[in-house]
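> Here it is, the structure, as structure tokens.
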Amino acid sequence: MRPYYPDYTAPNLVLTYGDLTVEPYRLKEQWTYRLVNGQYVSSEAREQATAYFETLTVSEKHSVKVMESGTHGTIEVRAVTSDGVVEIELSEDGSFVPLVSDEAVDYQLMLIYPENDLGLPVGEIAYDMSIYVHVSPKVHLSDMNLTQGGLLRVQIENIKPDQTVEFDQTIVDEVIQYRIDRTVYAMIPFIYWVEDGQYPFIIKLGDGEQSSVIYDSVLHVTDRAFSVQNLTVDITVAAATRNDDAYTEYHAEFMPVRQTSHDKQLWDGPFIQPIEGRLTTDYGTRRRVNGELTSYRHNGIDLAAPTGTPVKASNSGKVVFSKKLILTGNTVMIDHGLGLFTYYLHMDKRNVAVGDFVTKADIIGEVGSTGFSTGPHLHFTVSYHLTNINPLTFLEWDGEWPN
Ligand SMILES: [Zn+2]
């Protein structure tokens, strides 16, 4: 039996999502239909002035099914985004996966009745509606088990522009975050004096008024043995390089550089050890200088090598410090972006200037024994902003964010 339509009410288009059925708003119609007596009638072209959009909220990657109550129409679906109109392909059963956006996306649906010899209605009906895809944040952590000197890396995806990420933890005063599009990147450095034990680690998502927990777990920090090193330094060298002026200069010139970092990732893959050399002083070592125990903890690693050995940039980045200081001698610091820094001390020569962009393994200087030093070696430090971490465990990282 041929369908007929008793008035100008066009067939309905409905979207189904789970148990929900939503009727999109009918925006325009122009079609010809047949009455029971066989007479053809054209509906008046109608265009609605007021736009009322039905908004359907769906979960990420869930599909919506489009159905029509007629028998021979075809359906076309377009999404209107800020970047333009996107044709949406319907699968065989008439379903599609809505686009992800920070806001509800407007969809235009067309029900098309093609020309036919069967006396069936011919024409087009345009519908309008919005679909909002609710995307939940995804939290990725590099490792739950850390040693003193370790670095926890956190990536949180699907954060909307008006949302904030808060960390509830006691390891660092403040978790410094970087946001690129919808992703938040942060690192939590574990300095040598973080005690072993269990540390609750909670991440919350705030929207200005409320916050909700999106991650709740416990970090396990294990102890590392730190040795004490006896250092005998020529008293004239010690007096000339380790004095009030040396520390004042170091704190004034060198320390502020790591407060801010490039807001994009500049490093590429794993970090490399800047020279081949014998490890003479490990990270976190305490020191007794000329018989006296100091409060100092060695903030990097010392690698002994002959004067003139080329020093490679551990990874790509921007040179943010290049100067000879009383305490640290010829000193270079590279900002690798998103809070990561490496620095190189006691060099004989420096090949780079502040502002230079370097590529991983570029030669930035030569090994020497300038500043407070007992012989030719490279002192290499890795830090997340002001917190120095263990370079040797850091060098095992592949440079990728957890995912
Ligand atoms: Zn050192």
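Letters for chains follow the order of the structure tokens (A, B, ...), residue numbers begin at 1 for each chain, and ligand numbers begin at 1 in the order shown.
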Neighbouring residues of ligand 1 are defined here as those with any atom at most 9 Å from a ligand atom, counting only C-alpha atoms and all ligand atoms; list them as a PyMOL selection string.

chain A and resi 280-283+298-303+328+345-346+373+377-381

> What lies within 9 Å of Lys204 (chain A) using only C-alpha atoms, ignoring chain neighbours under 2 positions off, as JSON, numbers by chain?

{"A": [164, 165, 166, 167, 168, 202, 206, 211, 212, 213, 214, 215, 216]}

> Neighbouring residues of Gly371 (chain A) were defined as those with any atom within 10 Å, considering only C-alpha atoms; residues of the same chain fewer than 5 positions away were excluded. Please report them as a PyMOL selection string.

chain A and resi 237-238+240-242+246+324-331+345-348

> Rounded to one decimal in Å, what is the spacing between CA of Val14 (chain A) and CA of Ile112 (chain A)?

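Computing it gives 14.5 Å between the two atoms.
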
> What's around region 179-196 of chain A at 10 Å? Count only C-alpha atoms, leave out sequence neighbours fewer than 4 positions away in its own chain, and write the answer as a PyMOL selection string.

chain A and resi 102+137-142+146-161+163-165+169-172+174-175+220-226+263-265+283-285+297-299+338-340+383-390+401

> For CA of Glu124 (chain A) and CA of Tyr25 (chain A), quote the distance in Å rounded to one decimal.

14.3 Å

> With DSSP run on the backbone, what are the alpha helix (DSSP H) residues within region 23-260 of chain A? I'd like them as JSON, numbers by chain.

{"A": [235, 236, 237, 238, 239, 240, 241, 244, 245, 246, 247, 248, 249]}

> Could you write out the selected residues, including C-alpha atoms, as a PDB file, in the first residue's frame?


ATOM      1  CA  ILE A 235      92.250  26.117  50.565  1.00  0.00           C
ATOM      2  CA  THR A 236      92.976  28.970  48.196  1.00  0.00           C
ATOM      3  CA  VAL A 237      90.573  27.536  45.581  1.00  0.00           C
ATOM      4  CA  ALA A 238      87.979  26.963  48.310  1.00  0.00           C
ATOM      5  CA  ALA A 239      88.380  30.498  49.624  1.00  0.00           C
ATOM      6  CA  ALA A 240      88.192  32.012  46.151  1.00  0.00           C
ATOM      7  CA  THR A 241      85.169  30.077  44.917  1.00  0.00           C
ATOM      8  CA  ASP A 244      79.613  34.880  50.437  1.00  0.00           C
ATOM      9  CA  ASP A 245      80.146  36.688  47.127  1.00  0.00           C
ATOM     10  CA  ALA A 246      80.014  33.405  45.234  1.00  0.00           C
ATOM     11  CA  TYR A 247      76.724  32.363  46.868  1.00  0.00           C
ATOM     12  CA  THR A 248      75.197  35.835  46.517  1.00  0.00           C
ATOM     13  CA  GLU A 249      76.046  35.872  42.821  1.00  0.00           C
TER      14      GLU A 249
END

> One number please: CA of Gly368 (chain A) to CA of Val352 (chain A), in Å, one decimal.

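These atoms are spaced 15.7 Å apart.
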
> Name the closest residue to Phe321 (chain A) among the candidates A:Asp356, A:Asp173, A:Asp83, A:Glu54; distances are taken between atoms, counting only C-alpha atoms.

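Of the candidates, the smallest distance to Phe321 (chain A) is held by A:Asp356.
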
> Which of region 134-247 of chain A counts as strand (DSSP E or B) under DSSP, as a ChimeraX atom specification please?

/A:134,138-141,145-147,151-157,164-168,177-180,183-189,197-206,211-222,228-231

> Please write the residues from the selection above to a file, keeping C-alpha atoms, as an mmCIF file, in the first residue's frame.


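Writing the result to out_21.cif gives the following:
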data_model
loop_
_atom_site.group_PDB
_atom_site.id
_atom_site.type_symbol
_atom_site.label_atom_id
_atom_site.label_comp_id
_atom_site.auth_asym_id
_atom_site.auth_seq_id
_atom_site.Cartn_x
_atom_site.Cartn_y
_atom_site.Cartn_z
ATOM 1 C CA HIS A 134 29.991 14.781 27.598
ATOM 2 C CA LYS A 138 41.333 11.151 31.678
ATOM 3 C CA VAL A 139 44.233 11.039 34.111
ATOM 4 C CA HIS A 140 47.509 9.346 33.212
ATOM 5 C CA LEU A 141 50.356 8.968 35.730
ATOM 6 C CA ASN A 145 56.365 3.913 42.823
ATOM 7 C CA LEU A 146 59.080 6.498 43.091
ATOM 8 C CA THR A 147 62.438 6.844 44.732
ATOM 9 C CA LEU A 151 59.874 12.639 38.875
ATOM 10 C CA LEU A 152 56.174 11.881 38.584
ATOM 11 C CA ARG A 153 54.638 12.941 35.287
ATOM 12 C CA VAL A 154 50.942 13.609 34.985
ATOM 13 C CA GLN A 155 48.876 14.124 31.869
ATOM 14 C CA ILE A 156 45.177 14.977 32.159
ATOM 15 C CA GLU A 157 43.135 15.051 28.976
ATOM 16 C CA THR A 164 40.661 24.065 36.630
ATOM 17 C CA VAL A 165 42.765 21.196 37.881
ATOM 18 C CA GLU A 166 43.713 21.082 41.558
ATOM 19 C CA PHE A 167 46.146 18.737 43.232
ATOM 20 C CA ASP A 168 45.743 17.624 46.848
ATOM 21 C CA GLN A 177 50.818 23.008 35.506
ATOM 22 C CA TYR A 178 50.992 23.633 31.792
ATOM 23 C CA ARG A 179 47.913 23.615 29.638
ATOM 24 C CA ILE A 180 47.948 22.982 25.910
ATOM 25 C CA THR A 183 45.358 18.809 28.107
ATOM 26 C CA VAL A 184 47.070 19.644 31.410
ATOM 27 C CA TYR A 185 50.692 18.604 31.892
ATOM 28 C CA ALA A 186 52.397 18.604 35.273
ATOM 29 C CA MET A 187 55.391 17.044 36.956
ATOM 30 C CA ILE A 188 55.932 16.427 40.641
ATOM 31 C CA PRO A 189 59.608 16.225 41.576
ATOM 32 C CA GLY A 197 56.358 6.349 52.777
ATOM 33 C CA GLN A 198 52.865 6.654 51.387
ATOM 34 C CA TYR A 199 51.618 9.928 49.979
ATOM 35 C CA PRO A 200 47.911 10.437 49.213
ATOM 36 C CA PHE A 201 47.550 11.922 45.782
ATOM 37 C CA ILE A 202 44.217 13.417 44.761
ATOM 38 C CA ILE A 203 43.338 15.337 41.622
ATOM 39 C CA LYS A 204 40.223 17.478 41.461
ATOM 40 C CA LEU A 205 38.436 19.200 38.659
ATOM 41 C CA GLY A 206 36.969 22.603 39.470
ATOM 42 C CA SER A 211 35.208 20.627 42.496
ATOM 43 C CA SER A 212 34.975 16.914 41.962
ATOM 44 C CA VAL A 213 37.589 14.232 42.513
ATOM 45 C CA ILE A 214 38.825 12.721 39.261
ATOM 46 C CA TYR A 215 41.742 10.771 40.699
ATOM 47 C CA ASP A 216 42.414 9.403 44.156
ATOM 48 C CA SER A 217 45.334 7.156 44.942
ATOM 49 C CA VAL A 218 48.515 6.796 46.983
ATOM 50 C CA LEU A 219 52.102 7.278 45.845
ATOM 51 C CA HIS A 220 54.783 5.048 47.279
ATOM 52 C CA VAL A 221 58.169 6.633 47.844
ATOM 53 C CA THR A 222 61.085 4.393 48.625
ATOM 54 C CA VAL A 228 78.914 11.023 52.314
ATOM 55 C CA GLN A 229 81.892 12.175 50.340
ATOM 56 C CA ASN A 230 85.074 13.555 51.771
ATOM 57 C CA LEU A 231 86.390 16.346 49.641
#

> May I have the residues within 8 Å of region 305-313 of chain A as a PyMOL selection string, using only C-alpha atoms and disregarding those fewer than 5 positions away in the same chain?

chain A and resi 272-278+334+348-349+358-369+376-378

> Got time to write the residues from that selection, C-alpha atoms, as a CSV table (one decimal), in the first residue's frame?


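Okay, this is what ended up in out.csv:
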chain,number,residue,atom,x,y,z
A,272,ILE,CA,71.0,11.9,26.9
A,273,GLN,CA,74.0,11.9,29.2
A,274,PRO,CA,76.0,15.0,28.1
A,275,ILE,CA,79.4,13.2,28.2
A,276,GLU,CA,80.8,9.8,28.7
A,277,GLY,CA,82.7,10.0,32.0
A,278,ARG,CA,83.3,8.2,35.3
A,334,ILE,CA,68.8,24.9,28.9
A,348,ASP,CA,86.3,25.2,30.3
A,349,LYS,CA,84.5,26.8,27.4
A,358,VAL,CA,69.8,24.0,20.6
A,359,THR,CA,69.1,20.5,19.3
A,360,LYS,CA,69.8,17.4,21.3
A,361,ALA,CA,73.5,16.4,21.2
A,362,ASP,CA,74.6,19.9,20.0
A,363,ILE,CA,78.0,20.7,21.5
A,364,ILE,CA,77.4,23.5,24.0
A,365,GLY,CA,80.8,23.6,25.6
A,366,GLU,CA,83.9,21.7,26.8
A,367,VAL,CA,84.7,20.0,30.1
A,368,GLY,CA,86.9,22.0,32.5
A,369,SER,CA,87.5,22.7,36.1
A,376,PRO,CA,88.2,18.4,35.3
A,377,HIS,CA,84.6,17.1,35.4
A,378,LEU,CA,81.1,18.0,34.2

> My list of candidates is A:Thr393, A:Glu292, A:Phe372, A:Glu68. Which is closest to Asn243 (chain A) when distances are computed with only C-alpha atoms?

A:Phe372

> For Leu56 (chain A), find every residue with an atom within 12 Å (counting only C-alpha atoms), except residues of its own chain fewer than 6 positions away, and show them as an MDAnalysis selection string.

chainID A and resid 14:18 20:24 63:64 98 103:107 128:134
